[in-house]
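Read the structure below first, then the notes.
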Amino acid sequence: MRSRSPNPEVRHAAARPRLLIVGCGDVGMRVLRSLPAGWQIYALTSSPSRHPALRAAGAIPLSGNLDDARSLRRLAGLATHVLHLAPPPASGAQDLRTRRLLLSLRRAVAPRVLVYASTTGVYGDAQGAWLDETAPLQPRSDRARRRVDAERALRVFGRETGTQVSVLRVPGIYAWDREGGHPRERLARGTPVLEAADDVYTNHIHADDLARVCVRALLRAPVGRCFNVCDDSQLRMGDYFDLAADLCGLPRPPRISREQARLQMSPMQLSFMAESRRLRNDRMKRELGLMLRFADVREGLLAGR
């Protein structure tokens with residue numbers, strides 16, 4: 001006897017792309033607002049208190065912790081697409097969180113697409129030179145080495161499972177409505193910056209543009225590609241904060257020498273002042289077909305206030 005065709009509604013549900021967002025914080029919530037209709041979305045979180053907000057944004061919250069492999073077992077075979085936005089552990093030279101996630105995803109049919117948000121810190125210090133995605137990786141801190149480790153583990157995963165992996169190398173993320181992610185907070189504290197002779201080039205991306213890049217990468221990134229996800233600005237760190245101060249009507253930050261900075265600042269703050277590079281974003285624009293909404297920080301710093 002000839003079997004009946006499946007219910008059209010069942011076929012439609014099975015064909016829906018299923019996205020798992022790992023680390024659905026500020027950027028992940030912006031991704032939820034940027035996705036086209038028709039996605040089934042899951043969000044992994046280690047904080048049960050975030051479940052209501054995730055549901056309200058259209059995601060199904062899943063409790064899990066990247067530091068606990070047993071809590072990740074339910075992720076196997078769940079999604080056709082994965083967006084990995086979670087940070088690595090706070091110590092060590094390896095990203096064991098990413099390794100645990102990949103181990104879980106291997107337990108069943110692997111996702112078709114996996115997009116990982118890395119950092120531009122993997123390039124190390126270029127002394128202000130221009131870099132594209134072919135530049136060698138020369139991480140100078142364990143924080144950046146953990147990101148390099150994650151990128152390598154993801155490439156191996158892609159080769160062995162057939163998952164289409166792409167890597168987004170992300171610099172400083174800012175937005176007026178991003179908690180702790182706008183220079184006005186630092187300006188209000190009066191945190192100094194380096195004097196011009198010691199200053200370094202920094203790179204930026206507005207959080208809304210980063211969310212749009214994540215969506216484009218999920219939909220159309222070529223296999224195995226890395227992308228510098230930054231805007232078109234070419235500013236040294238001190239000039240960036242001077243500009244933000246002028247736009248926000250705040251005093252410009254004090255300028256100090258590098259030697260003074262070593263005496264006044266934490267190792268973490270100093271690490272961001274120890275590297276200088278300018279990043280080319282041509283590949284992002286060309287291959288993802290993206291036109292930035294905030295191509296210059298002058299356009300983005302006051303947006304959404």
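Simple scheme: letters A, B, ... for chains in structure tokens order, numbers from 1 for residues in each chain, numbers from 1 for ligands in the order shown.
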Practice task
Write out as a VMD selection string all residues of range 230-287 of chain A that DSSP puts in strand (DSSP E or B) for this structure's backbone.
Solution key: chain A and resid 235 to 236 255 to 256 278 to 279
Exercise for the section: Mind listing the alpha helix (DSSP H) residues of range 48-246 of chain A, per DSSP on the backbone, as a PyMOL selection string? Expected result: chain A and resi 51-56+96-105+142-161+183-189+207-220+237-246
Skip range 101-109 of chain A itself and residues of its chain fewer than 6 positions away, then list as an mmCIF file with C-alpha atoms, in the first residue's frame all residues within 6 Å of it, counting only C-alpha atoms.
```cif
data_model
loop_
_atom_site.group_PDB
_atom_site.id
_atom_site.type_symbol
_atom_site.label_atom_id
_atom_site.label_comp_id
_atom_site.auth_asym_id
_atom_site.auth_seq_id
_atom_site.Cartn_x
_atom_site.Cartn_y
_atom_site.Cartn_z
ATOM 1 C CA ARG A 73 24.258 16.942 25.770
ATOM 2 C CA ALA A 76 23.381 17.394 19.806
ATOM 3 C CA GLY A 77 21.425 17.448 16.550
#
```
Exercise for the section: Please provide the set of residues having any atom within 6 Å of range 271-287 of chain A, restricted to only C-alpha atoms, with same-chain residues fewer than 2 positions apart removed, written as a PyMOL selection string. Expected result: chain A and resi 125-132+200-201+227-228+268-269+289-290
Quick one: write out the picked residues with N, CA and C atoms as a tab-separated table (two decimals), in the first residue's frame?
```
chain	number	residue	atom	x	y	z
A	125	ASP	N	50.31	42.75	17.93
A	125	ASP	CA	50.70	44.13	17.66
A	125	ASP	C	51.28	44.26	16.26
A	126	ALA	N	50.70	45.14	15.45
A	126	ALA	CA	51.21	45.39	14.10
A	126	ALA	C	51.86	46.76	14.00
A	127	GLN	N	52.01	47.45	15.14
A	127	GLN	CA	52.63	48.78	15.19
A	127	GLN	C	51.96	49.76	14.22
A	128	GLY	N	50.64	49.65	14.15
A	128	GLY	CA	49.85	50.58	13.35
A	128	GLY	C	49.70	50.21	11.89
A	129	ALA	N	50.29	49.10	11.47
A	129	ALA	CA	50.20	48.70	10.05
A	129	ALA	C	48.80	48.21	9.71
A	130	TRP	N	48.51	48.25	8.39
A	130	TRP	CA	47.24	47.73	7.89
A	130	TRP	C	47.32	46.21	7.78
A	131	LEU	N	46.23	45.52	8.18
A	131	LEU	CA	46.18	44.07	8.11
A	131	LEU	C	44.88	43.63	7.46
A	132	ASP	N	44.96	42.57	6.65
A	132	ASP	CA	43.75	41.90	6.20
A	132	ASP	C	43.72	40.50	6.81
A	200	VAL	N	47.99	54.39	20.29
A	200	VAL	CA	47.86	53.23	19.41
A	200	VAL	C	46.58	53.33	18.59
A	201	TYR	N	46.59	52.70	17.39
A	201	TYR	CA	45.38	52.61	16.58
A	201	TYR	C	44.46	51.53	17.14
A	227	PHE	N	36.61	36.86	8.66
A	227	PHE	CA	36.26	38.22	8.29
A	227	PHE	C	36.67	39.18	9.39
A	228	ASN	N	37.34	40.25	9.00
A	228	ASN	CA	37.54	41.37	9.92
A	228	ASN	C	36.24	42.16	9.98
A	268	MET	N	45.02	44.53	32.56
A	268	MET	CA	44.03	44.40	31.49
A	268	MET	C	43.95	45.68	30.67
A	269	GLN	N	43.88	46.83	31.33
A	269	GLN	CA	43.83	48.11	30.61
A	269	GLN	C	45.09	48.31	29.78
A	289	GLY	N	28.23	41.03	1.24
A	289	GLY	CA	27.33	41.98	0.62
A	289	GLY	C	26.74	42.97	1.60
A	290	LEU	N	27.56	43.45	2.52
A	290	LEU	CA	27.07	44.28	3.60
A	290	LEU	C	27.46	45.73	3.43
```
Handout entry: Residue neighbourhood Phe294 in chain A, 9 Å, only C-alpha atoms, exclusion window fewer than 4 positions, as a PyMOL selection string
Key = chain A and resi 205-206+208-209+231-232+298-301+303
Generate a file of the selected residues that holds N, CA, C and O atoms, formatted as a PDB file, in the first residue's frame.
```pdb
ATOM      1  N   ILE A 205      33.357  48.494  15.988  1.00  0.00           N
ATOM      2  CA  ILE A 205      32.172  48.101  15.228  1.00  0.00           C
ATOM      3  C   ILE A 205      30.952  48.394  16.100  1.00  0.00           C
ATOM      4  O   ILE A 205      30.954  48.129  17.302  1.00  0.00           O
ATOM      5  N   HIS A 206      29.940  48.995  15.500  1.00  0.00           N
ATOM      6  CA  HIS A 206      28.698  49.230  16.225  1.00  0.00           C
ATOM      7  C   HIS A 206      27.991  47.892  16.449  1.00  0.00           C
ATOM      8  O   HIS A 206      27.989  47.025  15.570  1.00  0.00           O
ATOM      9  N   ASP A 208      24.925  47.019  16.444  1.00  0.00           N
ATOM     10  CA  ASP A 208      23.879  46.684  15.469  1.00  0.00           C
ATOM     11  C   ASP A 208      24.489  46.181  14.167  1.00  0.00           C
ATOM     12  O   ASP A 208      23.960  45.244  13.545  1.00  0.00           O
ATOM     13  N   ASP A 209      25.594  46.784  13.742  1.00  0.00           N
ATOM     14  CA  ASP A 209      26.256  46.303  12.524  1.00  0.00           C
ATOM     15  C   ASP A 209      26.847  44.911  12.749  1.00  0.00           C
ATOM     16  O   ASP A 209      26.804  44.058  11.854  1.00  0.00           O
ATOM     17  N   ASP A 231      34.488  48.814  11.317  1.00  0.00           N
ATOM     18  CA  ASP A 231      34.006  49.896  10.473  1.00  0.00           C
ATOM     19  C   ASP A 231      35.170  50.531   9.715  1.00  0.00           C
ATOM     20  O   ASP A 231      36.274  49.978   9.665  1.00  0.00           O
ATOM     21  N   ASP A 232      34.926  51.685   9.114  1.00  0.00           N
ATOM     22  CA  ASP A 232      35.938  52.325   8.265  1.00  0.00           C
ATOM     23  C   ASP A 232      36.782  53.363   9.006  1.00  0.00           C
ATOM     24  O   ASP A 232      37.609  54.037   8.385  1.00  0.00           O
ATOM     25  N   ARG A 298      31.734  58.410  14.119  1.00  0.00           N
ATOM     26  CA  ARG A 298      31.035  59.693  14.241  1.00  0.00           C
ATOM     27  C   ARG A 298      29.542  59.509  14.012  1.00  0.00           C
ATOM     28  O   ARG A 298      28.728  60.241  14.571  1.00  0.00           O
ATOM     29  N   GLU A 299      29.174  58.532  13.183  1.00  0.00           N
ATOM     30  CA  GLU A 299      27.770  58.261  12.899  1.00  0.00           C
ATOM     31  C   GLU A 299      27.132  57.389  13.968  1.00  0.00           C
ATOM     32  O   GLU A 299      25.917  57.463  14.213  1.00  0.00           O
ATOM     33  N   GLY A 300      27.931  56.552  14.600  1.00  0.00           N
ATOM     34  CA  GLY A 300      27.356  55.570  15.523  1.00  0.00           C
ATOM     35  C   GLY A 300      27.360  55.938  16.982  1.00  0.00           C
ATOM     36  O   GLY A 300      26.545  55.397  17.748  1.00  0.00           O
ATOM     37  N   LEU A 301      28.230  56.844  17.390  1.00  0.00           N
ATOM     38  CA  LEU A 301      28.382  57.101  18.826  1.00  0.00           C
ATOM     39  C   LEU A 301      27.123  57.673  19.473  1.00  0.00           C
ATOM     40  O   LEU A 301      26.843  57.404  20.650  1.00  0.00           O
ATOM     41  N   ALA A 303      23.989  57.356  17.962  1.00  0.00           N
ATOM     42  CA  ALA A 303      22.814  56.666  17.443  1.00  0.00           C
ATOM     43  C   ALA A 303      22.082  55.929  18.568  1.00  0.00           C
ATOM     44  O   ALA A 303      22.707  55.242  19.365  1.00  0.00           O
TER      45      ALA A 303
END
```
Problem - Ala117 in chain A surroundings by only C-alpha atoms, 12 Å radius, close-in-sequence under 6 positions cut, as a ChimeraX atom specification - result: /A:21-24,27-28,82-88,98,147-148,150-151,154,165-171,173,210-211,213-215,217-218,226-229
Exercise for the section: For Thr163 in chain A, list every protein, DNA or RNA residue within 7 Å, evaluated using only C-alpha atoms, and leave out those in the same chain fewer than 5 positions away; present the list as a ChimeraX atom specification. Expected result: /A:110-114,158
Let's have the selection written as a short mmCIF file (atom, residue, chain, number, x, y, z; two decimals), in the first residue's frame, with all heavy atoms.
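Output saved as selection_1.cif:
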```cif
data_model
loop_
_atom_site.label_atom_id
_atom_site.label_comp_id
_atom_site.auth_asym_id
_atom_site.auth_seq_id
_atom_site.Cartn_x
_atom_site.Cartn_y
_atom_site.Cartn_z
N ALA A 110 25.79 16.89 12.68
CA ALA A 110 26.40 18.20 12.93
C ALA A 110 25.61 19.31 12.24
O ALA A 110 24.94 19.06 11.23
CB ALA A 110 27.84 18.21 12.43
N PRO A 111 25.68 20.53 12.74
CA PRO A 111 24.98 21.64 12.08
C PRO A 111 25.56 21.89 10.69
O PRO A 111 26.72 21.59 10.43
CB PRO A 111 25.24 22.82 13.01
CG PRO A 111 26.46 22.45 13.78
CD PRO A 111 26.42 20.97 13.94
N ARG A 112 24.75 22.45 9.83
CA ARG A 112 25.22 22.79 8.49
C ARG A 112 26.17 23.97 8.52
O ARG A 112 27.14 24.03 7.76
CB ARG A 112 24.03 23.11 7.57
CG ARG A 112 23.11 21.95 7.31
CD ARG A 112 22.28 22.18 6.05
NE ARG A 112 21.49 23.40 6.11
CZ ARG A 112 20.22 23.46 6.51
NH1 ARG A 112 19.62 22.35 6.92
NH2 ARG A 112 19.56 24.60 6.52
N VAL A 113 25.88 24.93 9.40
CA VAL A 113 26.63 26.19 9.46
C VAL A 113 26.97 26.51 10.91
O VAL A 113 26.13 26.34 11.80
CB VAL A 113 25.80 27.35 8.84
CG1 VAL A 113 26.53 28.68 9.01
CG2 VAL A 113 25.49 27.08 7.38
N LEU A 114 28.20 26.98 11.13
CA LEU A 114 28.61 27.45 12.45
C LEU A 114 29.40 28.74 12.28
O LEU A 114 30.40 28.76 11.55
CB LEU A 114 29.44 26.40 13.19
CG LEU A 114 29.65 26.64 14.70
CD1 LEU A 114 29.96 25.32 15.40
CD2 LEU A 114 30.78 27.64 14.99
N GLY A 158 35.05 21.65 11.34
CA GLY A 158 34.44 21.84 10.02
C GLY A 158 34.94 20.82 9.01
O GLY A 158 34.15 20.26 8.24
#
```
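Nearest to Leu292 in chain A of all the residues A:Ala79, A:Leu62, A:Ala197, A:Cys230 is A:Cys230, counting only C-alpha atoms.
Between CA of Ser118 in chain A and CA of Pro17 in chain A lies a distance of 23.7 Å.
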Practice task
For CA of Arg255 in chain A and CA of Thr119 in chain A, quote the distance in Å rounded to one decimal.
Solution key: 26.8 Å
Completion exercise
Closest of A:Arg225, A:Arg146, A:Arg30, A:Arg252 to Thr134 in chain A, counting only C-alpha atoms, is A:Arg225
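The space separating CA of Gly304 in chain A from CA of Thr191 in chain A comes to 24.2 Å.
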